[in-house]
Amino acid sequence: MTTDNSTPAAAPTNKHFVRQIIEADLAAGRNGGQVVTRFPPEPNGYLHIGHAKAICIDFGMAQEYGGRCHLRMDDTNPAKEEIEYINAIKEDVRWLGFDWGTHFYHASDFFGPMYAFAEALIQRGQAYVCAVPQDDWKDYRGVPTRPGKESPWRSRPAAESLDLFRRMKAGEFKEGELCLRAKIDMASPNIHLRDPVIYRILHAEHPHTGNTWCVYPMYDFAHPLEDAFEGVTHSLCSIEFEVHRPLYDWVIENLMAVRAAGKFDSAGWFTEAIAGYQGPQQNEFARLDLTYTVMSKRKLLELVQDRLVSGWDDPRMPTLCGLRRRGYTPFAIRNFVETVGVTKFNSLTEVALLEHCLREDLNKLALRRMAVLKPLKVTIENASELPATVEAQNNPEDPAAGTRQIPLSRELLIESDDFMEVPPPKYFRLTPGGSVRIRNAGFLTCTSVEKDAAGAVTNVICRWSPQTTALKVKGTIHWVSAPHAKQVAVRLYDRLFTVPEPDGQEQDFKTFLNPQSLEQVTAYAEPAVAAAQPGDKVQFERVAYFIADAYDSQPGAPVFNRTVTLKDTWAKPQPAKK
RNA sequence: UGCCGGAUGGUGUAACGGUAGCACAACAGACUCUGAAUCUGUUUGUCUAGGUUCAAAUCCUAGUCCGGCAACCA
């Protein structure tokens, strides 16, 4: 069985607008022909499939255009961030197949130069210390349709602001008492330009810088600076930041001006300076949204806290750790992201597409095994003619995977769905008097059945014929030898929600939780299954793909998570079965 | 009702003034020692109304609808 994750990068399928922008920049010689991107998660939660899109784009573009991508913890808010998430984020990005080399940063690495630049802005008359209380600011800011009004502190002399800002930094004020605002335009139709706060006071211990600071930069101020200090050329983010771009550009423009004016020592700012660096530009693309899934951190947290799932890595969660535990492969996810494409259109992608990409990968790499989930006993009349074992291919899609021997005996177990006393039309499996092929081991012809008092079939008596028999049958079923069967715990996972859009309904999203999203059963498996190692991916033939759970499997006693079922074009048109 | 984006089959995307293509889904068939995979075929689309042009998904005008923006969050 395989744990192989060393799959190739997804091949570009189309020249989406980000590729076009980068190619145009390259052609124009912008930034010395370099491409530097970054993935900047806030370390306050686990990464999910939506982040995977951003990761694939950020790292993918750098890879494709011979540049590099930085991994950066966007830790500008000590009140919300925790160090424990950082390692999980690194693990998930690495698992997805990306490498940031030595370019791992924290936004907080740049608190010094950010602060210095803030002072420079004050000196240039472009920022001021404001004492309007947070609650009162609503009146000053105005609403989108009406301009705001200026803060009474807006025209405070630069020297006074500078003094106050330094005393803010020195810890002389309480949280909320003062803040530093960029002086832009209170009448701007863009709210983000109405003198946004760029520094606030937070008397909190920062997970990375400890108690060094008690003033912290806001996202809109910090992010463009982080990008610039790292020498990022293309700052790719999701669509909700589009309205922030004018502010992003304002910061960059002033940074470049301050630097050009040589107002203060800028040595060491550009940690990864590149020849001809002109500054970063932000471009926005639509987030990924999936049917039968919720994606917001808040809602995922709610599922975890309310114990509706077993944790962030519950195999039903859309988190990367959940998907990994479910048996998803990095290649499937990367290929999915490439297939979905990159646009500004706010779309809802069907999970079926994700599942298709998964099956496509698993079909190539998962070893085949046989296991019966709902057993029905078969007794072979002519057992003396049976060989002790039969040989089976480990993966018909990959001859290199080799073969194995499977024991055979008088008593077999078959799937109870694979026998019907009164079959519907076009039923290709076992019926009284009928024959089927049993996978890798010849044929069975049912001669009689035994039933219990309630009339349920308890034993199907069959005659066995070898593979060489010239029997024409339409169906092949899987089986295991009852005395050799290993009992293994199996978790049958299904989608977490019953409706395509659990969000955006009138009722709470939890109303739509699928009560059948997890069914635990004991399967009867051929002996080879017991040797599965944690993380091994297998296909139980005719049933589904499974993975040996990374945490709950014991030596010789793997626990299997159902990754995704095989497509079943027979079950669908059949009316609901018992 | 302000600003910024966006709109192509059921879904996701391509076409950058010149035959609306691809993938998923659905359906039908072929093949098959997995009713899987594979292969073939079918159904379904340019938001609306005007305009420019020999020619418009593409350019222009007006409208409609959808998303985002009023944290000292990111």
# chains A, B, ... in the order shown; residues from 1 in each chain; ligands from 1

call {"tool": "residues_around", "arguments": {"residues": "segment 32-41 of chain B", "least_positions_apart": "4", "cutoff": "9 Å", "atoms": "only C-alpha atoms (C1' of nucleotides)", "output": "list of chain:residue names"}}
result
A:Asn363, A:Glu397, A:Phe428, A:Arg437, A:Ile438, A:Arg439, A:Asn440, A:Ala441, A:Gly442, A:Gly475, A:Thr476, A:Ile477, A:His478, A:Glu541, A:Arg542, A:Val543, A:Leu566, A:Lys567, A:Asp568, A:Thr569, A:Trp570, A:Ala571, B:A28

call {"tool": "write_last_selection", "arguments": {"atoms": "N, CA, C and O atoms (P, O5', C5', C4', C3', O3' and C1' of nucleotides)", "output": "compact mmCIF listing (two decimals), in the first residue's frame"}}
result
# COMPACT_ATOMS: atom_id res chain seq x y z
N ASN A 363 -7.00 6.24 -8.25
CA ASN A 363 -7.10 5.11 -9.18
C ASN A 363 -5.73 4.66 -9.63
O ASN A 363 -5.49 3.48 -9.82
N GLU A 397 -4.08 -1.06 -12.68
CA GLU A 397 -3.65 0.15 -13.39
C GLU A 397 -2.13 0.29 -13.36
O GLU A 397 -1.59 1.19 -13.99
N PHE A 428 -26.89 -8.09 -12.19
CA PHE A 428 -25.82 -8.94 -12.72
C PHE A 428 -25.18 -9.82 -11.67
O PHE A 428 -24.17 -10.45 -11.92
N ARG A 437 -19.17 -14.33 -11.46
CA ARG A 437 -17.74 -14.52 -11.29
C ARG A 437 -17.39 -13.99 -9.91
O ARG A 437 -17.96 -13.00 -9.44
N ILE A 438 -16.51 -14.70 -9.20
CA ILE A 438 -15.99 -14.13 -7.96
C ILE A 438 -14.58 -13.67 -8.28
O ILE A 438 -13.79 -14.38 -8.86
N ARG A 439 -14.32 -12.43 -7.93
CA ARG A 439 -13.10 -11.74 -8.33
C ARG A 439 -11.85 -12.60 -8.12
O ARG A 439 -11.60 -13.08 -7.02
N ASN A 440 -11.12 -12.82 -9.18
CA ASN A 440 -9.84 -13.55 -9.17
C ASN A 440 -9.95 -15.04 -8.88
O ASN A 440 -8.94 -15.70 -8.68
N ALA A 441 -11.18 -15.57 -8.79
CA ALA A 441 -11.27 -16.95 -8.27
C ALA A 441 -12.36 -17.81 -8.88
O ALA A 441 -12.92 -18.68 -8.22
N GLY A 442 -12.67 -17.63 -10.15
CA GLY A 442 -13.63 -18.52 -10.76
C GLY A 442 -15.07 -18.07 -10.61
O GLY A 442 -15.34 -16.85 -10.56
N GLY A 475 -21.65 -10.38 -14.27
CA GLY A 475 -21.17 -9.71 -13.06
C GLY A 475 -19.98 -10.37 -12.40
O GLY A 475 -19.72 -11.56 -12.56
N THR A 476 -19.23 -9.57 -11.66
CA THR A 476 -18.13 -10.06 -10.85
C THR A 476 -18.34 -9.48 -9.46
O THR A 476 -18.60 -8.28 -9.33
N ILE A 477 -18.25 -10.31 -8.45
CA ILE A 477 -18.41 -9.79 -7.09
C ILE A 477 -17.16 -10.06 -6.26
O ILE A 477 -16.34 -10.91 -6.61
N HIS A 478 -17.00 -9.30 -5.20
CA HIS A 478 -15.86 -9.50 -4.32
C HIS A 478 -16.25 -10.42 -3.17
O HIS A 478 -17.44 -10.63 -2.92
N GLU A 541 -12.11 -3.24 -3.50
CA GLU A 541 -12.68 -3.30 -4.83
C GLU A 541 -14.20 -3.32 -4.81
O GLU A 541 -14.82 -3.96 -3.98
N ARG A 542 -14.77 -2.59 -5.74
CA ARG A 542 -16.21 -2.42 -5.92
C ARG A 542 -16.86 -1.65 -4.77
O ARG A 542 -18.08 -1.50 -4.73
N VAL A 543 -16.07 -1.15 -3.84
CA VAL A 543 -16.66 -0.44 -2.71
C VAL A 543 -16.23 1.03 -2.67
O VAL A 543 -17.03 1.92 -2.95
N LEU A 566 -16.41 4.58 -4.83
CA LEU A 566 -16.26 4.42 -6.26
C LEU A 566 -17.55 4.94 -6.89
O LEU A 566 -18.60 4.95 -6.24
N LYS A 567 -17.48 5.38 -8.13
CA LYS A 567 -18.73 5.77 -8.78
C LYS A 567 -19.58 4.51 -8.90
O LYS A 567 -19.07 3.42 -9.10
N ASP A 568 -20.86 4.68 -8.75
CA ASP A 568 -21.73 3.52 -8.81
C ASP A 568 -22.92 3.83 -9.72
O ASP A 568 -23.90 4.42 -9.32
N THR A 569 -22.79 3.44 -10.98
CA THR A 569 -23.85 3.77 -11.92
C THR A 569 -24.99 2.77 -11.84
O THR A 569 -25.99 2.91 -12.54
N TRP A 570 -24.84 1.75 -11.02
CA TRP A 570 -25.93 0.78 -10.86
C TRP A 570 -26.85 1.19 -9.71
O TRP A 570 -28.07 1.20 -9.86
N ALA A 571 -26.26 1.57 -8.60
CA ALA A 571 -27.05 1.86 -7.40
C ALA A 571 -28.01 3.02 -7.62
O ALA A 571 -29.13 3.00 -7.14
P A B 28 -29.43 6.28 -19.11
O5' A B 28 -28.88 6.14 -20.61
C5' A B 28 -29.79 6.15 -21.70
C4' A B 28 -29.04 6.07 -22.99
C3' A B 28 -28.13 4.86 -23.16
O3' A B 28 -28.82 3.69 -23.53
C1' A B 28 -26.99 6.82 -23.85

call {"tool": "closest_atom_pairs", "arguments": {"of": "chain A", "to": "chain B", "cutoff": "8 Å", "atoms": "only C-alpha atoms (C1' of nucleotides)", "output": "JSON lines"}}
result
{"residue": "A:Asn14", "atom": "CA", "partner": "B:A14", "partner_atom": "C1'", "distance": 7.5}
{"residue": "A:Glu42", "atom": "CA", "partner": "B:A74", "partner_atom": "C1'", "distance": 6.8}
{"residue": "A:Asn77", "atom": "CA", "partner": "B:C73", "partner_atom": "C1'", "distance": 7.9}
{"residue": "A:Gln134", "atom": "CA", "partner": "B:C72", "partner_atom": "C1'", "distance": 6.7}
{"residue": "A:Lys138", "atom": "CA", "partner": "B:A70", "partner_atom": "C1'", "distance": 7.9}
{"residue": "A:Arg141", "atom": "CA", "partner": "B:A70", "partner_atom": "C1'", "distance": 7.5}
{"residue": "A:Gly142", "atom": "CA", "partner": "B:A70", "partner_atom": "C1'", "distance": 7.1}
{"residue": "A:Val143", "atom": "CA", "partner": "B:A70", "partner_atom": "C1'", "distance": 5.2}
{"residue": "A:Pro144", "atom": "CA", "partner": "B:G2", "partner_atom": "C1'", "distance": 5.1}
{"residue": "A:Thr145", "atom": "CA", "partner": "B:G2", "partner_atom": "C1'", "distance": 3.9}
{"residue": "A:Arg146", "atom": "CA", "partner": "B:G2", "partner_atom": "C1'", "distance": 7.2}
{"residue": "A:Gly176", "atom": "CA", "partner": "B:C72", "partner_atom": "C1'", "distance": 6.3}
{"residue": "A:Cys179", "atom": "CA", "partner": "B:C72", "partner_atom": "C1'", "distance": 6.7}
{"residue": "A:Pro189", "atom": "CA", "partner": "B:C3", "partner_atom": "C1'", "distance": 5.3}
{"residue": "A:Asn190", "atom": "CA", "partner": "B:C3", "partner_atom": "C1'", "distance": 5.6}
{"residue": "A:Ile191", "atom": "CA", "partner": "B:A70", "partner_atom": "C1'", "distance": 6.4}
{"residue": "A:Val197", "atom": "CA", "partner": "B:C72", "partner_atom": "C1'", "distance": 6.5}
{"residue": "A:Tyr199", "atom": "CA", "partner": "B:C72", "partner_atom": "C1'", "distance": 7.5}
{"residue": "A:Arg200", "atom": "CA", "partner": "B:C72", "partner_atom": "C1'", "distance": 5.1}
{"residue": "A:Ile201", "atom": "CA", "partner": "B:C72", "partner_atom": "C1'", "distance": 7.5}
{"residue": "A:Tyr219", "atom": "CA", "partner": "B:A74", "partner_atom": "C1'", "distance": 6.4}
{"residue": "A:Ile239", "atom": "CA", "partner": "B:G68", "partner_atom": "C1'", "distance": 7.5}
{"residue": "A:Glu240", "atom": "CA", "partner": "B:G68", "partner_atom": "C1'", "distance": 5.5}
{"residue": "A:Glu242", "atom": "CA", "partner": "B:C4", "partner_atom": "C1'", "distance": 7.0}
{"residue": "A:Val243", "atom": "CA", "partner": "B:C4", "partner_atom": "C1'", "distance": 5.6}
{"residue": "A:Thr339", "atom": "CA", "partner": "B:A23", "partner_atom": "C1'", "distance": 7.3}
{"residue": "A:Val340", "atom": "CA", "partner": "B:G12", "partner_atom": "C1'", "distance": 5.5}
{"residue": "A:Gly341", "atom": "CA", "partner": "B:U13", "partner_atom": "C1'", "distance": 6.5}
{"residue": "A:Lys344", "atom": "CA", "partner": "B:G6", "partner_atom": "C1'", "distance": 6.7}
{"residue": "A:Phe345", "atom": "CA", "partner": "B:G6", "partner_atom": "C1'", "distance": 5.6}
{"residue": "A:Asn346", "atom": "CA", "partner": "B:G67", "partner_atom": "C1'", "distance": 6.6}
{"residue": "A:Ser347", "atom": "CA", "partner": "B:G12", "partner_atom": "C1'", "distance": 7.8}
{"residue": "A:Leu348", "atom": "CA", "partner": "B:U11", "partner_atom": "C1'", "distance": 7.7}
{"residue": "A:Thr349", "atom": "CA", "partner": "B:G12", "partner_atom": "C1'", "distance": 6.0}
{"residue": "A:Glu350", "atom": "CA", "partner": "B:U11", "partner_atom": "C1'", "distance": 6.0}
{"residue": "A:Ala352", "atom": "CA", "partner": "B:C24", "partner_atom": "C1'", "distance": 7.1}
{"residue": "A:Leu353", "atom": "CA", "partner": "B:C24", "partner_atom": "C1'", "distance": 5.3}
{"residue": "A:His356", "atom": "CA", "partner": "B:C24", "partner_atom": "C1'", "distance": 7.6}
{"residue": "A:Asn363", "atom": "CA", "partner": "B:A37", "partner_atom": "C1'", "distance": 7.5}
{"residue": "A:Phe428", "atom": "CA", "partner": "B:G35", "partner_atom": "C1'", "distance": 8.0}
{"residue": "A:Arg437", "atom": "CA", "partner": "B:C33", "partner_atom": "C1'", "distance": 7.0}
{"residue": "A:Ile438", "atom": "CA", "partner": "B:C33", "partner_atom": "C1'", "distance": 7.8}
{"residue": "A:Arg439", "atom": "CA", "partner": "B:C33", "partner_atom": "C1'", "distance": 5.8}
{"residue": "A:Asn440", "atom": "CA", "partner": "B:C33", "partner_atom": "C1'", "distance": 6.3}
{"residue": "A:Gly475", "atom": "CA", "partner": "B:G35", "partner_atom": "C1'", "distance": 7.7}
{"residue": "A:Thr476", "atom": "CA", "partner": "B:C33", "partner_atom": "C1'", "distance": 6.4}
{"residue": "A:Ile477", "atom": "CA", "partner": "B:U34", "partner_atom": "C1'", "distance": 7.9}
{"residue": "A:Glu541", "atom": "CA", "partner": "B:U34", "partner_atom": "C1'", "distance": 5.4}
{"residue": "A:Arg542", "atom": "CA", "partner": "B:U34", "partner_atom": "C1'", "distance": 4.8}
{"residue": "A:Leu566", "atom": "CA", "partner": "B:A36", "partner_atom": "C1'", "distance": 6.2}
{"residue": "A:Lys567", "atom": "CA", "partner": "B:A36", "partner_atom": "C1'", "distance": 6.6}
{"residue": "A:Asp568", "atom": "CA", "partner": "B:G35", "partner_atom": "C1'", "distance": 6.7}
{"residue": "A:Thr569", "atom": "CA", "partner": "B:G35", "partner_atom": "C1'", "distance": 6.2}
{"residue": "A:Trp570", "atom": "CA", "partner": "B:G35", "partner_atom": "C1'", "distance": 5.3}

call {"tool": "write_last_selection", "arguments": {"atoms": "N, CA and C atoms", "output": "short mmCIF file (atom, residue, chain, number, x, y, z; two decimals), in the first residue's frame"}}
result
data_model
loop_
_atom_site.label_atom_id
_atom_site.label_comp_id
_atom_site.auth_asym_id
_atom_site.auth_seq_id
_atom_site.Cartn_x
_atom_site.Cartn_y
_atom_site.Cartn_z
N ASN A 14 -4.84 26.78 -18.19
CA ASN A 14 -5.22 27.97 -18.94
C ASN A 14 -4.47 29.20 -18.46
N GLU A 42 -2.73 34.33 8.65
CA GLU A 42 -2.70 34.78 10.04
C GLU A 42 -2.72 33.53 10.90
N ASN A 77 -1.67 41.07 15.07
CA ASN A 77 -2.65 41.23 16.15
C ASN A 77 -2.42 40.20 17.25
N GLN A 134 -12.97 55.31 19.91
CA GLN A 134 -13.39 54.39 18.86
C GLN A 134 -14.88 54.50 18.56
N LYS A 138 -17.32 56.60 14.43
CA LYS A 138 -18.37 56.32 13.44
C LYS A 138 -18.92 57.61 12.85
N ARG A 141 -16.26 59.19 10.56
CA ARG A 141 -15.99 58.44 9.33
C ARG A 141 -17.10 58.65 8.31
N GLY A 142 -18.34 58.83 8.76
CA GLY A 142 -19.45 58.97 7.83
C GLY A 142 -19.88 57.62 7.30
N VAL A 143 -20.71 57.65 6.27
CA VAL A 143 -21.17 56.41 5.65
C VAL A 143 -20.78 56.46 4.18
N PRO A 144 -20.85 55.33 3.48
CA PRO A 144 -20.41 55.32 2.08
C PRO A 144 -21.04 56.42 1.23
N THR A 145 -22.30 56.74 1.52
CA THR A 145 -22.98 57.73 0.67
C THR A 145 -22.76 59.17 1.11
N ARG A 146 -22.17 59.34 2.31
CA ARG A 146 -21.93 60.71 2.81
C ARG A 146 -20.47 60.83 3.25
N GLY A 176 -6.83 52.01 23.30
CA GLY A 176 -7.98 52.78 22.83
C GLY A 176 -7.90 54.27 23.12
N CYS A 179 -4.63 56.65 18.92
CA CYS A 179 -4.22 55.80 17.81
C CYS A 179 -3.54 56.68 16.78
N PRO A 189 -14.84 58.61 -1.46
CA PRO A 189 -15.92 57.63 -1.59
C PRO A 189 -15.48 56.24 -1.09
N ASN A 190 -14.19 56.04 -1.00
CA ASN A 190 -13.66 54.79 -0.46
C ASN A 190 -13.40 54.97 1.04
N ILE A 191 -14.20 54.28 1.83
CA ILE A 191 -14.13 54.40 3.28
C ILE A 191 -12.71 54.15 3.81
N VAL A 197 -6.95 54.10 10.69
CA VAL A 197 -6.01 53.83 11.78
C VAL A 197 -4.87 53.00 11.23
N TYR A 199 -1.92 52.52 13.44
CA TYR A 199 -1.30 51.92 14.64
C TYR A 199 -2.27 52.03 15.79
N ARG A 200 -2.38 50.94 16.56
CA ARG A 200 -3.22 51.00 17.75
C ARG A 200 -2.42 50.48 18.93
N ILE A 201 -2.90 50.82 20.12
CA ILE A 201 -2.24 50.39 21.35
C ILE A 201 -2.84 49.06 21.79
N TYR A 219 -3.51 45.92 9.64
CA TYR A 219 -3.28 45.16 8.41
C TYR A 219 -2.99 46.05 7.19
N ILE A 239 -10.59 38.54 -3.16
CA ILE A 239 -11.34 39.64 -3.73
C ILE A 239 -11.79 40.70 -2.72
N GLU A 240 -11.98 40.30 -1.45
CA GLU A 240 -12.50 41.28 -0.50
C GLU A 240 -11.50 42.38 -0.20
N GLU A 242 -10.00 44.02 -2.55
CA GLU A 242 -9.96 44.88 -3.72
C GLU A 242 -10.16 46.36 -3.34
N VAL A 243 -11.14 46.61 -2.46
CA VAL A 243 -11.38 48.00 -2.05
C VAL A 243 -10.26 48.57 -1.20
N THR A 339 -7.81 23.10 -12.04
CA THR A 339 -9.00 22.88 -12.85
C THR A 339 -10.06 23.94 -12.61
N VAL A 340 -10.18 24.35 -11.36
CA VAL A 340 -11.16 25.37 -11.01
C VAL A 340 -10.82 26.71 -11.65
N GLY A 341 -9.53 26.99 -11.78
CA GLY A 341 -9.12 28.22 -12.43
C GLY A 341 -9.07 29.41 -11.49
N LYS A 344 -12.17 36.50 -11.13
CA LYS A 344 -12.73 37.39 -10.12
C LYS A 344 -14.20 37.05 -9.86
N PHE A 345 -14.70 36.06 -10.57
CA PHE A 345 -16.11 35.70 -10.43
C PHE A 345 -16.31 34.88 -9.17
N ASN A 346 -17.29 35.29 -8.41
CA ASN A 346 -17.50 34.63 -7.14
C ASN A 346 -18.38 33.41 -7.34
N SER A 347 -17.73 32.24 -7.32
CA SER A 347 -18.37 31.02 -7.79
C SER A 347 -18.56 30.00 -6.68
N LEU A 348 -19.34 29.01 -6.98
CA LEU A 348 -19.58 27.90 -6.06
C LEU A 348 -19.27 26.62 -6.81
N THR A 349 -18.16 26.00 -6.44
CA THR A 349 -17.72 24.82 -7.17
C THR A 349 -18.32 23.56 -6.56
N GLU A 350 -18.72 22.64 -7.42
CA GLU A 350 -19.31 21.39 -6.92
C GLU A 350 -18.23 20.49 -6.31
N ALA A 352 -18.23 17.53 -6.35
CA ALA A 352 -18.05 16.42 -7.28
C ALA A 352 -16.76 16.59 -8.08
N LEU A 353 -16.39 17.83 -8.36
CA LEU A 353 -15.17 18.06 -9.13
C LEU A 353 -13.93 17.71 -8.30
N HIS A 356 -13.76 14.03 -8.15
CA HIS A 356 -13.27 13.49 -9.42
C HIS A 356 -11.74 13.54 -9.47
N ASN A 363 -7.00 6.24 -8.25
CA ASN A 363 -7.10 5.11 -9.18
C ASN A 363 -5.73 4.66 -9.63
N PHE A 428 -26.89 -8.09 -12.19
CA PHE A 428 -25.82 -8.94 -12.72
C PHE A 428 -25.18 -9.82 -11.67
N ARG A 437 -19.17 -14.33 -11.46
CA ARG A 437 -17.74 -14.52 -11.29
C ARG A 437 -17.39 -13.99 -9.91
N ILE A 438 -16.51 -14.70 -9.20
CA ILE A 438 -15.99 -14.13 -7.96
C ILE A 438 -14.58 -13.67 -8.28
N ARG A 439 -14.32 -12.43 -7.93
CA ARG A 439 -13.10 -11.74 -8.33
C ARG A 439 -11.85 -12.60 -8.12
N ASN A 440 -11.12 -12.82 -9.18
CA ASN A 440 -9.84 -13.55 -9.17
C ASN A 440 -9.95 -15.04 -8.88
N GLY A 475 -21.65 -10.38 -14.27
CA GLY A 475 -21.17 -9.71 -13.06
C GLY A 475 -19.98 -10.37 -12.40
N THR A 476 -19.23 -9.57 -11.66
CA THR A 476 -18.13 -10.06 -10.85
C THR A 476 -18.34 -9.48 -9.46
N ILE A 477 -18.25 -10.31 -8.45
CA ILE A 477 -18.41 -9.79 -7.09
C ILE A 477 -17.16 -10.06 -6.26
N GLU A 541 -12.11 -3.24 -3.50
CA GLU A 541 -12.68 -3.30 -4.83
C GLU A 541 -14.20 -3.32 -4.81
N ARG A 542 -14.77 -2.59 -5.74
CA ARG A 542 -16.21 -2.42 -5.92
C ARG A 542 -16.86 -1.65 -4.77
N LEU A 566 -16.41 4.58 -4.83
CA LEU A 566 -16.26 4.42 -6.26
C LEU A 566 -17.55 4.94 -6.89
N LYS A 567 -17.48 5.38 -8.13
CA LYS A 567 -18.73 5.77 -8.78
C LYS A 567 -19.58 4.51 -8.90
N ASP A 568 -20.86 4.68 -8.75
CA ASP A 568 -21.73 3.52 -8.81
C ASP A 568 -22.92 3.83 -9.72
N THR A 569 -22.79 3.44 -10.98
CA THR A 569 -23.85 3.77 -11.92
C THR A 569 -24.99 2.77 -11.84
N TRP A 570 -24.84 1.75 -11.02
CA TRP A 570 -25.93 0.78 -10.86
C TRP A 570 -26.85 1.19 -9.71
#

call {"tool": "select_by_dssp", "arguments": {"residues": "segment 268-477 of chain A", "states": "helix (DSSP H, G or I)", "output": "ChimeraX atom specification"}}
result
/A:297-305,320-326,330-340,351-365,383-385,399-401,416-418

call {"tool": "atom_distance", "arguments": {"atom1": "atom CA of Leu236 of chain A", "atom2": "atom CA of Glu501 of chain A"}}
result
26.9 Å

call {"tool": "residues_around", "arguments": {"residues": "segment 118-129 of chain A", "least_positions_apart": "5", "cutoff": "7 Å", "atoms": "only C-alpha atoms (C1' of nucleotides)", "output": "MDAnalysis selection string"}}
result
chainID A and resid 154 156 158 161:162 164:165 178:183

call {"tool": "write_last_selection", "arguments": {"atoms": "N, CA and C atoms", "output": "PDB file, in the first residue's frame"}}
result
ATOM      1  N   ARG A 154      -6.574  66.315  13.577  1.00  0.00           N
ATOM      2  CA  ARG A 154      -5.993  66.118  12.253  1.00  0.00           C
ATOM      3  C   ARG A 154      -4.869  67.121  11.968  1.00  0.00           C
ATOM      4  N   ARG A 156      -3.033  68.640  14.211  1.00  0.00           N
ATOM      5  CA  ARG A 156      -2.051  68.686  15.297  1.00  0.00           C
ATOM      6  C   ARG A 156      -0.655  68.776  14.696  1.00  0.00           C
ATOM      7  N   ALA A 158       3.130  68.189  13.679  1.00  0.00           N
ATOM      8  CA  ALA A 158       3.834  66.922  13.547  1.00  0.00           C
ATOM      9  C   ALA A 158       4.656  66.613  14.789  1.00  0.00           C
ATOM     10  N   SER A 161       2.432  65.116  17.416  1.00  0.00           N
ATOM     11  CA  SER A 161       2.057  63.741  17.083  1.00  0.00           C
ATOM     12  C   SER A 161       3.236  62.806  17.327  1.00  0.00           C
ATOM     13  N   LEU A 162       4.397  63.259  16.919  1.00  0.00           N
ATOM     14  CA  LEU A 162       5.591  62.434  17.062  1.00  0.00           C
ATOM     15  C   LEU A 162       5.854  62.130  18.530  1.00  0.00           C
ATOM     16  N   LEU A 164       3.643  62.196  20.980  1.00  0.00           N
ATOM     17  CA  LEU A 164       2.599  61.301  21.489  1.00  0.00           C
ATOM     18  C   LEU A 164       2.808  59.862  21.010  1.00  0.00           C
ATOM     19  N   PHE A 165       3.177  59.741  19.740  1.00  0.00           N
ATOM     20  CA  PHE A 165       3.377  58.400  19.167  1.00  0.00           C
ATOM     21  C   PHE A 165       4.501  57.669  19.925  1.00  0.00           C
ATOM     22  N   LEU A 178      -5.438  56.431  22.430  1.00  0.00           N
ATOM     23  CA  LEU A 178      -4.919  57.140  21.254  1.00  0.00           C
ATOM     24  C   LEU A 178      -4.685  56.130  20.135  1.00  0.00           C
ATOM     25  N   CYS A 179      -4.633  56.653  18.918  1.00  0.00           N
ATOM     26  CA  CYS A 179      -4.222  55.798  17.810  1.00  0.00           C
ATOM     27  C   CYS A 179      -3.541  56.682  16.776  1.00  0.00           C
ATOM     28  N   LEU A 180      -2.823  56.050  15.876  1.00  0.00           N
ATOM     29  CA  LEU A 180      -2.194  56.811  14.811  1.00  0.00           C
ATOM     30  C   LEU A 180      -3.005  56.632  13.532  1.00  0.00           C
ATOM     31  N   ARG A 181      -3.357  57.750  12.914  1.00  0.00           N
ATOM     32  CA  ARG A 181      -4.139  57.699  11.678  1.00  0.00           C
ATOM     33  C   ARG A 181      -3.331  58.225  10.507  1.00  0.00           C
ATOM     34  N   ALA A 182      -3.540  57.610   9.357  1.00  0.00           N
ATOM     35  CA  ALA A 182      -2.989  58.172   8.129  1.00  0.00           C
ATOM     36  C   ALA A 182      -3.868  59.343   7.736  1.00  0.00           C
ATOM     37  N   LYS A 183      -3.254  60.433   7.324  1.00  0.00           N
ATOM     38  CA  LYS A 183      -4.020  61.603   6.909  1.00  0.00           C
ATOM     39  C   LYS A 183      -4.239  61.528   5.401  1.00  0.00           C
TER      40      LYS A 183
END

call {"tool": "residues_around", "arguments": {"residues": "Asn514 of chain A", "least_positions_apart": "6", "cutoff": "6 Å", "atoms": "only C-alpha atoms (C1' of nucleotides)", "output": "list in words"}}
result
Leu496, Phe497 and Thr498 of chain A

call {"tool": "atom_distance", "arguments": {"atom1": "atom CA of Ile198 of chain A", "atom2": "atom CA of Ile55 of chain A"}}
result
27.2 Å

call {"tool": "residues_around", "arguments": {"residues": "Asp314 of chain A", "least_positions_apart": "4", "cutoff": "9 Å", "atoms": "only C-alpha atoms (C1' of nucleotides)", "output": "list in words"}}
result
Val304, Val309, Ser310, Pro318, Thr319, Cys321, Gly322, Leu323, Arg325 and Arg326 of chain A

call {"tool": "select_by_dssp", "arguments": {"residues": "segment 238-457 of chain A", "states": "strand (DSSP E or B)", "output": "ChimeraX atom specification"}}
result
/A:238,281-285,290,319,349,367-369,371-372,375-380,389-393,403-407,411-415,419,430,435-438,443-451,457

call {"tool": "residues_around", "arguments": {"residues": "U64 of chain B", "least_positions_apart": "6", "cutoff": "12 Å", "atoms": "only C-alpha atoms (C1' of nucleotides)", "output": "VMD selection string"}}
result
chain B and resid 7 47 to 49

call {"tool": "closest_residue", "arguments": {"among": "A:Asn561, A:Ser435, A:Gln393, A:Asn44", "to": "Pro315 of chain A", "atoms": "only C-alpha atoms"}}
result
A:Asn561

call {"tool": "residues_around", "arguments": {"residues": "Arg491 of chain A", "least_positions_apart": "2", "cutoff": "9 Å", "atoms": "only C-alpha atoms (C1' of nucleotides)", "output": "ChimeraX atom specification"}}
result
/A:489,493,518-522,559-562
